[in-house]
Amino acid sequence: MENYWKRLKAHPVAYNLTLIVLTMLALALVAHFAMQAGTRHGARRTVPDFAGIPLDEAQRLARSHDLELQVNDSLFVPAYEGGIVLDQLPAGGVEVKPGRTVYVTINSFRQKSVPVPYVAGRSLRQAKNMLEIAGLEIEELIYRPDMATNYVLEEYCDGRPVLETSRIEAEIGSGVTLYVGVAEGSGTTPVPMVIGYGLRQAKSRLWELGINVGRVTFDEGINLLNQKQARVYRQSPSAEQSIALGQRVNLWLTLDTKKASEQRAAAEKEAARTARERAEREQNVADSLALLRFEQATGSAAEETSSAEGGDEGFFD
């Protein structure tokens with residue numbers, strides 16, 4: 001080897017090129033091992049199951065596994081103590097690299113309260129939007145005779161009247177009772193299609209049309225943590241049926257997206273048929289009323305003509 005280097009030194013160009021190549025190889029090896037050390041290539045950690053553990057205990061457990069814990073969301077579930085971990089991502093048992101951040105949802109110590117907005121004197125759609133923005137919802141719609149349909153007459157929260165000067169607060173998610181007007185002859189509405197919707201979206205759609213939410217039934221496996229992913233797969237009464245304002249629509253929800261999609265496709269066909277039948281009935285009623293008005297008008301004209309003729313004969317006599 002020594003003789004090789006001596007012979008190589010006798011050729012300066014070849015010698016320098018060899019040194020450059022060796023230097024680059026050495027730098028590449030150093031960079032490779034440094035990157036492995038920095039990323040701890042090949043090292044894995046199994047994520048513990050933090051569910052049901054107080055947050056401070058979960059943080060200590062995460063550090064002992066060389067993981068970071070970050071609170072991503074919070075819910076209020078009365079059945080659990082405040083600060084308990086409810087959910088996590090990645091889930092327990094998943095293998096990750098050291099230093100990975102695990103996002104957790106914890107249980108709030110109490111539900112947050114918000115001011116109840118004054119919505120009387122507004123349209124039902126405006127009132128609904130104001131309540132939803134405040135984090136509240138409609139508990140019940142009660143209709144009363146009035147000259148304007150779907151305008152809010154009175155508002156109550158937990159049995160107390162909400163006035164323009166009120167300073168009432170309610171827990172987020174609480175319901176508000178609205179007394180709404182309905183003019184004579186305007187007391188029905190077609191049921192909207194809500195199959196495929198999430199619960200919150202389905203409720204909102206029903207409320208804005210003056211329909212109350214009835215019984216809500218969840219498939220097995222749905223809880224407060226995954227409820228947002230559930231979709232309506234059945235409703236009763238079905239879409240496009242005419243019902244009285246304030247009537248209730250019952251909902252069934254599932255986590256099976258395929259099931260919800262298939263049920264919506266079938267429901268859309270049924271809704272189209274129902275809509276056609278309703279349109280035909282309404283047209284028949286309109287035709288009957290038009291015919292009745294025509295007959296009344298014709299009869300009145302004939303009576304006037306007969307009376308005029310009788311009056312003329314008397315005059316000439």
# chains A, B, ... in the order shown; residues from 1 in each chain; ligands from 1
$ residues_around --residues "Pro48 (chain A)" --least-positions-apart "2" --cutoff "7 Å" --atoms "only C-alpha atoms" --output "number ranges by chain"
A: 46, 50, 92-93
$ write_last_selection --atoms "N, CA and C atoms" --output "compact mmCIF listing (two decimals), in the first residue's frame"
# COMPACT_ATOMS: atom_id res chain seq x y z
N THR A 46 -43.86 2.36 20.49
CA THR A 46 -45.26 1.98 20.47
C THR A 46 -46.06 3.00 21.27
N PHE A 50 -53.74 6.27 25.86
CA PHE A 50 -53.91 7.32 26.87
C PHE A 50 -55.36 7.48 27.31
N GLY A 92 -53.59 4.16 20.26
CA GLY A 92 -52.71 3.32 21.07
C GLY A 92 -52.34 2.03 20.34
N GLY A 93 -51.07 1.63 20.48
CA GLY A 93 -50.60 0.40 19.84
C GLY A 93 -49.92 0.63 18.51
$ residues_around --residues "Tyr179 (chain A)" --least-positions-apart "5" --cutoff "7 Å" --atoms "only C-alpha atoms" --output "ChimeraX atom specification"
/A:141-144,152-155
$ write_last_selection --atoms "all heavy atoms" --output "mmCIF file, in the first residue's frame"
data_model
loop_
_atom_site.group_PDB
_atom_site.id
_atom_site.type_symbol
_atom_site.label_atom_id
_atom_site.label_comp_id
_atom_site.auth_asym_id
_atom_site.auth_seq_id
_atom_site.Cartn_x
_atom_site.Cartn_y
_atom_site.Cartn_z
ATOM 1 N N LEU A 141 -89.836 24.365 17.976
ATOM 2 C CA LEU A 141 -90.559 25.407 17.259
ATOM 3 C C LEU A 141 -92.037 25.258 17.561
ATOM 4 O O LEU A 141 -92.612 24.185 17.351
ATOM 5 C CB LEU A 141 -90.320 25.294 15.749
ATOM 6 C CG LEU A 141 -88.882 25.488 15.262
ATOM 7 C CD1 LEU A 141 -88.773 25.088 13.793
ATOM 8 C CD2 LEU A 141 -88.431 26.926 15.456
ATOM 9 N N ILE A 142 -92.664 26.317 18.073
ATOM 10 C CA ILE A 142 -94.089 26.285 18.395
ATOM 11 C C ILE A 142 -94.775 27.350 17.543
ATOM 12 O O ILE A 142 -94.424 28.533 17.615
ATOM 13 C CB ILE A 142 -94.337 26.562 19.892
ATOM 14 C CG1 ILE A 142 -93.607 25.498 20.741
ATOM 15 C CG2 ILE A 142 -95.829 26.563 20.198
ATOM 16 C CD1 ILE A 142 -93.699 25.744 22.232
ATOM 17 N N TYR A 143 -95.749 26.924 16.735
ATOM 18 C CA TYR A 143 -96.389 27.835 15.789
ATOM 19 C C TYR A 143 -97.680 28.415 16.355
ATOM 20 O O TYR A 143 -98.458 27.719 17.023
ATOM 21 C CB TYR A 143 -96.656 27.118 14.470
ATOM 22 C CG TYR A 143 -95.436 27.110 13.580
ATOM 23 C CD1 TYR A 143 -94.465 26.125 13.721
ATOM 24 C CD2 TYR A 143 -95.227 28.116 12.644
ATOM 25 C CE1 TYR A 143 -93.317 26.135 12.923
ATOM 26 C CE2 TYR A 143 -94.099 28.141 11.841
ATOM 27 C CZ TYR A 143 -93.150 27.144 11.990
ATOM 28 O OH TYR A 143 -92.022 27.163 11.212
ATOM 29 N N ARG A 144 -97.867 29.736 16.078
ATOM 30 C CA ARG A 144 -99.066 30.451 16.486
ATOM 31 C C ARG A 144 -99.626 31.225 15.282
ATOM 32 O O ARG A 144 -98.840 31.672 14.436
ATOM 33 C CB ARG A 144 -98.751 31.447 17.608
ATOM 34 C CG ARG A 144 -98.447 30.806 18.948
ATOM 35 C CD ARG A 144 -98.090 31.883 19.945
ATOM 36 N NE ARG A 144 -97.948 31.361 21.305
ATOM 37 C CZ ARG A 144 -97.536 32.089 22.342
ATOM 38 N NH1 ARG A 144 -97.210 33.368 22.150
ATOM 39 N NH2 ARG A 144 -97.444 31.553 23.533
ATOM 40 N N VAL A 152 -90.235 34.965 13.951
ATOM 41 C CA VAL A 152 -90.174 34.627 15.372
ATOM 42 C C VAL A 152 -90.952 35.656 16.184
ATOM 43 O O VAL A 152 -90.691 36.869 16.081
ATOM 44 C CB VAL A 152 -88.714 34.561 15.858
ATOM 45 C CG1 VAL A 152 -88.671 34.242 17.358
ATOM 46 C CG2 VAL A 152 -87.945 33.512 15.062
ATOM 47 N N LEU A 153 -91.909 35.192 16.986
ATOM 48 C CA LEU A 153 -92.734 36.062 17.824
ATOM 49 C C LEU A 153 -92.159 36.193 19.228
ATOM 50 O O LEU A 153 -92.110 37.291 19.784
ATOM 51 C CB LEU A 153 -94.157 35.514 17.899
ATOM 52 C CG LEU A 153 -94.850 35.238 16.551
ATOM 53 C CD1 LEU A 153 -96.205 34.585 16.780
ATOM 54 C CD2 LEU A 153 -94.989 36.527 15.751
ATOM 55 N N GLU A 154 -91.733 35.077 19.805
ATOM 56 C CA GLU A 154 -91.175 35.080 21.156
ATOM 57 C C GLU A 154 -90.050 34.055 21.235
ATOM 58 O O GLU A 154 -89.975 33.115 20.427
ATOM 59 C CB GLU A 154 -92.243 34.731 22.198
ATOM 60 C CG GLU A 154 -93.375 35.731 22.318
ATOM 61 C CD GLU A 154 -94.381 35.303 23.373
ATOM 62 O OE1 GLU A 154 -93.985 35.165 24.549
ATOM 63 O OE2 GLU A 154 -95.556 35.077 23.004
ATOM 64 N N GLU A 155 -89.216 34.236 22.256
ATOM 65 C CA GLU A 155 -88.050 33.354 22.443
ATOM 66 C C GLU A 155 -87.921 33.023 23.927
ATOM 67 O O GLU A 155 -88.026 33.918 24.780
ATOM 68 C CB GLU A 155 -86.806 34.082 21.935
ATOM 69 C CG GLU A 155 -85.489 33.365 22.210
ATOM 70 C CD GLU A 155 -84.288 34.215 21.804
ATOM 71 O OE1 GLU A 155 -84.495 35.407 21.445
ATOM 72 O OE2 GLU A 155 -83.167 33.702 21.854
#
$ select_by_dssp --residues "region 74-175 of chain A" --states "alpha helix (DSSP H)" --output "list of chain:residue names"
A:Leu124, A:Arg125, A:Gln126, A:Ala127, A:Lys128, A:Asn129, A:Met130, A:Leu131, A:Glu132, A:Ile133
$ write_last_selection --atoms "C-alpha atoms" --output "PDB file, in the first residue's frame"
ATOM      1  CA  LEU A 124     -86.818  31.879  11.270  1.00  0.00           C
ATOM      2  CA  ARG A 125     -83.796  31.438   8.984  1.00  0.00           C
ATOM      3  CA  GLN A 126     -82.051  34.495  10.484  1.00  0.00           C
ATOM      4  CA  ALA A 127     -82.866  33.377  14.022  1.00  0.00           C
ATOM      5  CA  LYS A 128     -81.537  29.883  13.379  1.00  0.00           C
ATOM      6  CA  ASN A 129     -78.279  31.250  11.950  1.00  0.00           C
ATOM      7  CA  MET A 130     -77.768  33.608  14.911  1.00  0.00           C
ATOM      8  CA  LEU A 131     -78.313  30.800  17.410  1.00  0.00           C
ATOM      9  CA  GLU A 132     -75.950  28.431  15.577  1.00  0.00           C
ATOM     10  CA  ILE A 133     -73.219  31.083  15.401  1.00  0.00           C
TER      11      ILE A 133
END
$ atom_distance --atom1 "CA of Leu136 (chain A)" --atom2 "CA of Asp256 (chain A)"
27.8 Å
$ closest_atom_pairs --of "region 79-127 of chain A" --to "region 159-164 of chain A" --cutoff "9 Å" --atoms "only C-alpha atoms" --output "Markdown table"
| residue | atom | partner | partner_atom | distance |
| --- | --- | --- | --- | --- |
| A:Val116 | CA | A:Val162 | CA | 7.8 |
| A:Pro117 | CA | A:Val162 | CA | 8.2 |
| A:Tyr118 | CA | A:Glu164 | CA | 5.7 |
| A:Val119 | CA | A:Glu164 | CA | 8.5 |
| A:Ala120 | CA | A:Leu163 | CA | 8.1 |
$ select_by_dssp --residues "region 201-264 of chain A" --states "strand (DSSP E or B)" --output "list in words"
Asn212, Val213, Gly214, Arg215, Val216, Thr217, Phe218, Arg231, Val232, Tyr233, Arg234, Gln235, Ser236, Ser242, Ile243, Ala244, Arg248, Val249, Asn250, Leu251, Trp252, Leu253 and Thr254 of chain A
$ residues_around --residues "Asp146 (chain A)" --least-positions-apart "3" --cutoff "7 Å" --atoms "only C-alpha atoms" --output "MDAnalysis selection string"
chainID A and resid 149 181:183
$ closest_residue --among "A:Ala265, A:Val94, A:Ala10, A:Val102" --to "Glu68 (chain A)" --atoms "only C-alpha atoms"
A:Val102
